[in-house]
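Novice: Just one file: final_29.cif, with mmCIF, C-alpha atoms.
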```
data_model
#
loop_
_atom_site.group_PDB
_atom_site.id
_atom_site.type_symbol
_atom_site.label_atom_id
_atom_site.label_comp_id
_atom_site.auth_asym_id
_atom_site.auth_seq_id
_atom_site.Cartn_x
_atom_site.Cartn_y
_atom_site.Cartn_z
ATOM 1 C CA MET A 1 13.495 -25.291 -4.434
ATOM 2 C CA PHE A 2 10.890 -25.687 -1.684
ATOM 3 C CA GLN A 3 7.508 -24.207 -2.528
ATOM 4 C CA PRO A 4 5.124 -23.992 0.426
ATOM 5 C CA THR A 5 1.643 -25.268 -0.215
ATOM 6 C CA THR A 6 -1.014 -22.593 0.015
ATOM 7 C CA THR A 7 -4.680 -23.001 0.670
ATOM 8 C CA SER A 8 -7.261 -21.439 -1.585
ATOM 9 C CA ASN A 9 -8.023 -18.945 1.201
ATOM 10 C CA GLU A 10 -4.370 -17.907 1.407
ATOM 11 C CA GLU A 11 -4.230 -17.455 -2.350
ATOM 12 C CA SER A 12 -7.466 -15.472 -2.245
ATOM 13 C CA ILE A 13 -5.999 -13.160 0.369
ATOM 14 C CA ARG A 14 -2.824 -12.689 -1.685
ATOM 15 C CA THR A 15 -4.899 -11.951 -4.778
ATOM 16 C CA PHE A 16 -6.933 -9.407 -2.825
ATOM 17 C CA TRP A 17 -3.839 -7.635 -1.533
ATOM 18 C CA ARG A 18 -2.229 -7.446 -4.964
ATOM 19 C CA ALA A 19 -5.411 -5.921 -6.387
ATOM 20 C CA TYR A 20 -5.962 -3.606 -3.422
ATOM 21 C CA MET A 21 -2.385 -2.303 -3.485
ATOM 22 C CA ALA A 22 -2.610 -1.672 -7.230
ATOM 23 C CA TRP A 23 -5.860 0.224 -6.647
ATOM 24 C CA ILE A 24 -4.687 2.311 -3.677
ATOM 25 C CA LYS A 25 -1.677 3.573 -5.657
ATOM 26 C CA THR A 26 -3.995 5.309 -8.129
ATOM 27 C CA ALA A 27 -7.089 5.944 -6.008
ATOM 28 C CA THR A 28 -8.242 9.518 -5.654
ATOM 29 C CA ASP A 29 -8.956 11.046 -2.256
ATOM 30 C CA GLU A 30 -12.666 10.852 -3.103
ATOM 31 C CA GLU A 31 -12.404 7.116 -3.832
ATOM 32 C CA VAL A 32 -10.601 6.469 -0.546
ATOM 33 C CA VAL A 33 -13.260 8.443 1.351
ATOM 34 C CA ARG A 34 -15.930 6.427 -0.441
ATOM 35 C CA LEU A 35 -14.277 3.162 0.638
ATOM 36 C CA GLU A 36 -14.007 4.423 4.211
ATOM 37 C CA ALA A 37 -17.704 5.332 4.210
ATOM 38 C CA ALA A 38 -18.707 1.919 2.870
ATOM 39 C CA LEU A 39 -16.656 0.173 5.548
ATOM 40 C CA THR A 40 -17.934 2.489 8.293
ATOM 41 C CA ASN A 41 -21.486 1.541 7.351
ATOM 42 C CA LEU A 42 -20.803 -2.032 8.496
ATOM 43 C CA GLN A 43 -21.843 -0.790 11.944
ATOM 44 C CA THR A 44 -19.710 -3.188 13.869
ATOM 45 C CA ALA A 45 -17.593 -2.515 16.907
ATOM 46 C CA GLU A 46 -15.311 -5.348 15.846
ATOM 47 C CA VAL A 47 -11.944 -4.544 14.342
ATOM 48 C CA MET A 48 -11.403 -6.794 11.332
ATOM 49 C CA PRO A 49 -9.051 -7.232 8.400
ATOM 50 C CA ILE A 50 -9.989 -5.184 5.346
ATOM 51 C CA VAL A 51 -10.353 -8.384 3.306
ATOM 52 C CA ARG A 52 -13.124 -9.585 5.611
ATOM 53 C CA ALA A 53 -14.749 -6.148 5.794
ATOM 54 C CA ILE A 54 -14.956 -5.843 2.014
ATOM 55 C CA ARG A 55 -16.353 -9.372 1.766
ATOM 56 C CA LEU A 56 -19.092 -8.356 4.217
ATOM 57 C CA VAL A 57 -19.893 -5.245 2.190
ATOM 58 C CA LEU A 58 -20.107 -7.350 -0.973
ATOM 59 C CA ARG A 59 -22.812 -9.524 0.579
ATOM 60 C CA ASP A 60 -25.196 -6.556 0.507
ATOM 61 C CA ASP A 61 -26.179 -5.199 -2.917
ATOM 62 C CA LEU A 62 -26.878 -1.700 -1.578
ATOM 63 C CA ALA A 63 -23.615 -1.555 0.348
ATOM 64 C CA THR A 64 -21.691 -2.845 -2.661
ATOM 65 C CA ARG A 65 -22.862 0.181 -4.656
ATOM 66 C CA GLU A 66 -21.083 2.395 -2.124
ATOM 67 C CA LEU A 67 -17.687 0.914 -2.984
ATOM 68 C CA PRO A 68 -15.583 2.804 -5.518
ATOM 69 C CA ALA A 69 -16.161 1.441 -9.017
ATOM 70 C CA SER A 70 -12.428 1.524 -9.652
ATOM 71 C CA LEU A 71 -11.816 -0.797 -6.684
ATOM 72 C CA MET A 72 -14.505 -3.192 -7.881
ATOM 73 C CA GLN A 73 -12.960 -3.176 -11.357
ATOM 74 C CA GLN A 74 -9.487 -3.892 -9.949
ATOM 75 C CA LEU A 75 -10.838 -6.806 -7.881
ATOM 76 C CA GLU A 76 -12.750 -8.211 -10.845
ATOM 77 C CA GLU A 77 -9.692 -7.942 -13.110
ATOM 78 C CA ALA A 78 -7.716 -9.866 -10.488
ATOM 79 C CA SER A 79 -10.493 -12.491 -10.424
ATOM 80 C CA TRP A 80 -10.803 -12.050 -6.702
ATOM 81 C CA PRO A 81 -13.622 -14.409 -5.741
ATOM 82 C CA ALA A 82 -15.399 -11.957 -3.492
ATOM 83 C CA ALA A 83 -15.735 -9.557 -6.416
ATOM 84 C CA GLN A 84 -18.162 -12.076 -7.881
ATOM 85 C CA ALA A 85 -19.988 -12.201 -4.513
ATOM 86 C CA THR A 86 -18.735 -15.646 -3.557
ATOM 87 C CA GLY A 87 -17.682 -14.239 -0.197
#
```
Starting from the file, lay out its structure as structure tokens.
Specialist:
Amino acid sequence: MFQPTTTSNEESIRTFWRAYMAWIKTATDEEVVRLEAALTNLQTAEVMPIVRAIRLVLRDDLATRELPASLMQQLEEASWPAAQATG
């Protein structure tokens, strides 16, 4: 069976989405609002994929603290590279 080759970036994006979807299924309204606030604080007029937006938030220690702890835990459990601030 043919298996397409994936790049590490493609695999990283897939890993992110698996973790994010697992998180969003159980996230409380408060946690979702907290994520929205953290992403809003990016202060950019640019529309961007959530993967990129969260990576940008993770580059700033203060902004990272605004993310829901449960989302951070889900990303870390999935070994999503950005969760370890590798961007």
Novice: Residues around (-11.7, -3.1, -5.2), cut-off 10 Å, counting only C-alpha atoms - what are they as a VMD selection string?
Specialist: chain A and resid 16 to 17 19 to 24 35 54 67 to 78 80 82 to 83
Novice: With all atoms listed in the file as the counted atoms, please give the residues lying no more than 9 Å from A:Asn41, apart from itself and same-chain residues fewer than 3 positions off, as an NGL selection string.
Specialist: :A and (36-38 or 44 or 57 or 63)
Novice: Please, what distance in Å, to one decimal, runs between atom CA of A:Glu31 and atom CA of A:Ser8?
Specialist: 29.1 Å
Novice: Provide the atom CA of A:Ser79 to atom CA of A:Thr15 distance in Å, to one decimal place.
Specialist: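 Those two atoms sit 8.0 Å apart.
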Novice: Return as AutoDock Vina command-line options the box centre and box size in Å, one decimal, for an axis-aligned box around all listed atoms of stretch 61-69 of chain A padded by 3 Å per side.
Specialist:
```
--center_x -21.2 --center_y -1.2 --center_z -4.3 --size_x 17.3 --size_y 14.0 --size_z 15.4
```
Novice: Can you work out the spacing between atom CA of A:Arg14 and atom CA of A:Ala27 in Å, to one decimal?
Specialist: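 Interatomic distance here is 19.6 Å.
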Novice: Could you tell me which of A:Arg34, A:Glu46, A:Pro81, A:Glu10 comes closest to A:Glu66 if we count all atoms listed in the file?
Specialist: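 Once distances to A:Glu66 are computed over all atoms listed in the file, the minimum belongs to A:Arg34.
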Novice: Reconstruct stretch 3-31 of chain A at the level of N, CA and C atoms, and format the result as an mmCIF file, in the frame of the given file.
Specialist:
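This went into selection.cif:
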```
data_model
loop_
_atom_site.group_PDB
_atom_site.id
_atom_site.type_symbol
_atom_site.label_atom_id
_atom_site.label_comp_id
_atom_site.auth_asym_id
_atom_site.auth_seq_id
_atom_site.Cartn_x
_atom_site.Cartn_y
_atom_site.Cartn_z
ATOM 1 N N GLN A 3 8.643 -25.090 -2.313
ATOM 2 C CA GLN A 3 7.508 -24.207 -2.528
ATOM 3 C C GLN A 3 6.433 -24.563 -1.511
ATOM 4 N N PRO A 4 6.145 -23.666 -0.560
ATOM 5 C CA PRO A 4 5.124 -23.992 0.426
ATOM 6 C C PRO A 4 3.755 -24.143 -0.236
ATOM 7 N N THR A 5 2.995 -25.066 0.278
ATOM 8 C CA THR A 5 1.643 -25.268 -0.215
ATOM 9 C C THR A 5 0.748 -24.184 0.370
ATOM 10 N N THR A 6 -0.086 -23.610 -0.477
ATOM 11 C CA THR A 6 -1.014 -22.593 0.015
ATOM 12 C C THR A 6 -2.436 -23.103 -0.134
ATOM 13 N N THR A 7 -3.271 -22.660 0.765
ATOM 14 C CA THR A 7 -4.680 -23.001 0.670
ATOM 15 C C THR A 7 -5.352 -22.021 -0.274
ATOM 16 N N SER A 8 -6.539 -22.352 -0.701
ATOM 17 C CA SER A 8 -7.261 -21.439 -1.585
ATOM 18 C C SER A 8 -7.555 -20.124 -0.869
ATOM 19 N N ASN A 9 -7.778 -20.171 0.450
ATOM 20 C CA ASN A 9 -8.023 -18.945 1.201
ATOM 21 C C ASN A 9 -6.775 -18.070 1.233
ATOM 22 N N GLU A 10 -5.611 -18.674 1.424
ATOM 23 C CA GLU A 10 -4.370 -17.907 1.407
ATOM 24 C C GLU A 10 -4.143 -17.262 0.050
ATOM 25 N N GLU A 11 -4.396 -17.997 -1.003
ATOM 26 C CA GLU A 11 -4.230 -17.455 -2.350
ATOM 27 C C GLU A 11 -5.242 -16.340 -2.601
ATOM 28 N N SER A 12 -6.451 -16.505 -2.103
ATOM 29 C CA SER A 12 -7.466 -15.472 -2.245
ATOM 30 C C SER A 12 -7.041 -14.188 -1.542
ATOM 31 N N ILE A 13 -6.463 -14.331 -0.372
ATOM 32 C CA ILE A 13 -5.999 -13.160 0.369
ATOM 33 C C ILE A 13 -4.849 -12.480 -0.376
ATOM 34 N N ARG A 14 -3.934 -13.260 -0.899
ATOM 35 C CA ARG A 14 -2.824 -12.689 -1.685
ATOM 36 C C ARG A 14 -3.345 -11.963 -2.918
ATOM 37 N N THR A 15 -4.306 -12.572 -3.592
ATOM 38 C CA THR A 15 -4.899 -11.951 -4.778
ATOM 39 C C THR A 15 -5.553 -10.630 -4.409
ATOM 40 N N PHE A 16 -6.297 -10.646 -3.294
ATOM 41 C CA PHE A 16 -6.933 -9.407 -2.825
ATOM 42 C C PHE A 16 -5.890 -8.323 -2.602
ATOM 43 N N TRP A 17 -4.836 -8.650 -1.876
ATOM 44 C CA TRP A 17 -3.839 -7.635 -1.533
ATOM 45 C C TRP A 17 -3.122 -7.093 -2.761
ATOM 46 N N ARG A 18 -2.849 -7.936 -3.722
ATOM 47 C CA ARG A 18 -2.229 -7.446 -4.964
ATOM 48 C C ARG A 18 -3.162 -6.441 -5.650
ATOM 49 N N ALA A 19 -4.435 -6.804 -5.739
ATOM 50 C CA ALA A 19 -5.411 -5.921 -6.387
ATOM 51 C C ALA A 19 -5.619 -4.641 -5.580
ATOM 52 N N TYR A 20 -5.732 -4.775 -4.278
ATOM 53 C CA TYR A 20 -5.962 -3.606 -3.422
ATOM 54 C C TYR A 20 -4.779 -2.637 -3.500
ATOM 55 N N MET A 21 -3.567 -3.167 -3.432
ATOM 56 C CA MET A 21 -2.385 -2.303 -3.485
ATOM 57 C C MET A 21 -2.267 -1.610 -4.840
ATOM 58 N N ALA A 22 -2.612 -2.300 -5.907
ATOM 59 C CA ALA A 22 -2.610 -1.672 -7.230
ATOM 60 C C ALA A 22 -3.644 -0.549 -7.271
ATOM 61 N N TRP A 23 -4.802 -0.785 -6.661
ATOM 62 C CA TRP A 23 -5.860 0.224 -6.647
ATOM 63 C C TRP A 23 -5.463 1.433 -5.803
ATOM 64 N N ILE A 24 -4.962 1.206 -4.603
ATOM 65 C CA ILE A 24 -4.687 2.311 -3.677
ATOM 66 C C ILE A 24 -3.613 3.250 -4.223
ATOM 67 N N LYS A 25 -2.724 2.729 -5.063
ATOM 68 C CA LYS A 25 -1.677 3.573 -5.657
ATOM 69 C C LYS A 25 -2.260 4.650 -6.560
ATOM 70 N N THR A 26 -3.410 4.368 -7.174
ATOM 71 C CA THR A 26 -3.995 5.309 -8.129
ATOM 72 C C THR A 26 -5.321 5.904 -7.657
ATOM 73 N N ALA A 27 -5.791 5.475 -6.507
ATOM 74 C CA ALA A 27 -7.089 5.944 -6.008
ATOM 75 C C ALA A 27 -7.043 7.436 -5.687
ATOM 76 N N THR A 28 -8.128 8.105 -5.999
ATOM 77 C CA THR A 28 -8.242 9.518 -5.654
ATOM 78 C C THR A 28 -8.651 9.630 -4.185
ATOM 79 N N ASP A 29 -8.514 10.822 -3.634
ATOM 80 C CA ASP A 29 -8.956 11.046 -2.256
ATOM 81 C C ASP A 29 -10.449 10.734 -2.113
ATOM 82 N N GLU A 30 -11.221 11.106 -3.122
ATOM 83 C CA GLU A 30 -12.666 10.852 -3.103
ATOM 84 C C GLU A 30 -12.964 9.344 -3.061
ATOM 85 N N GLU A 31 -12.207 8.569 -3.822
ATOM 86 C CA GLU A 31 -12.404 7.116 -3.832
ATOM 87 C C GLU A 31 -12.043 6.498 -2.474
#
```
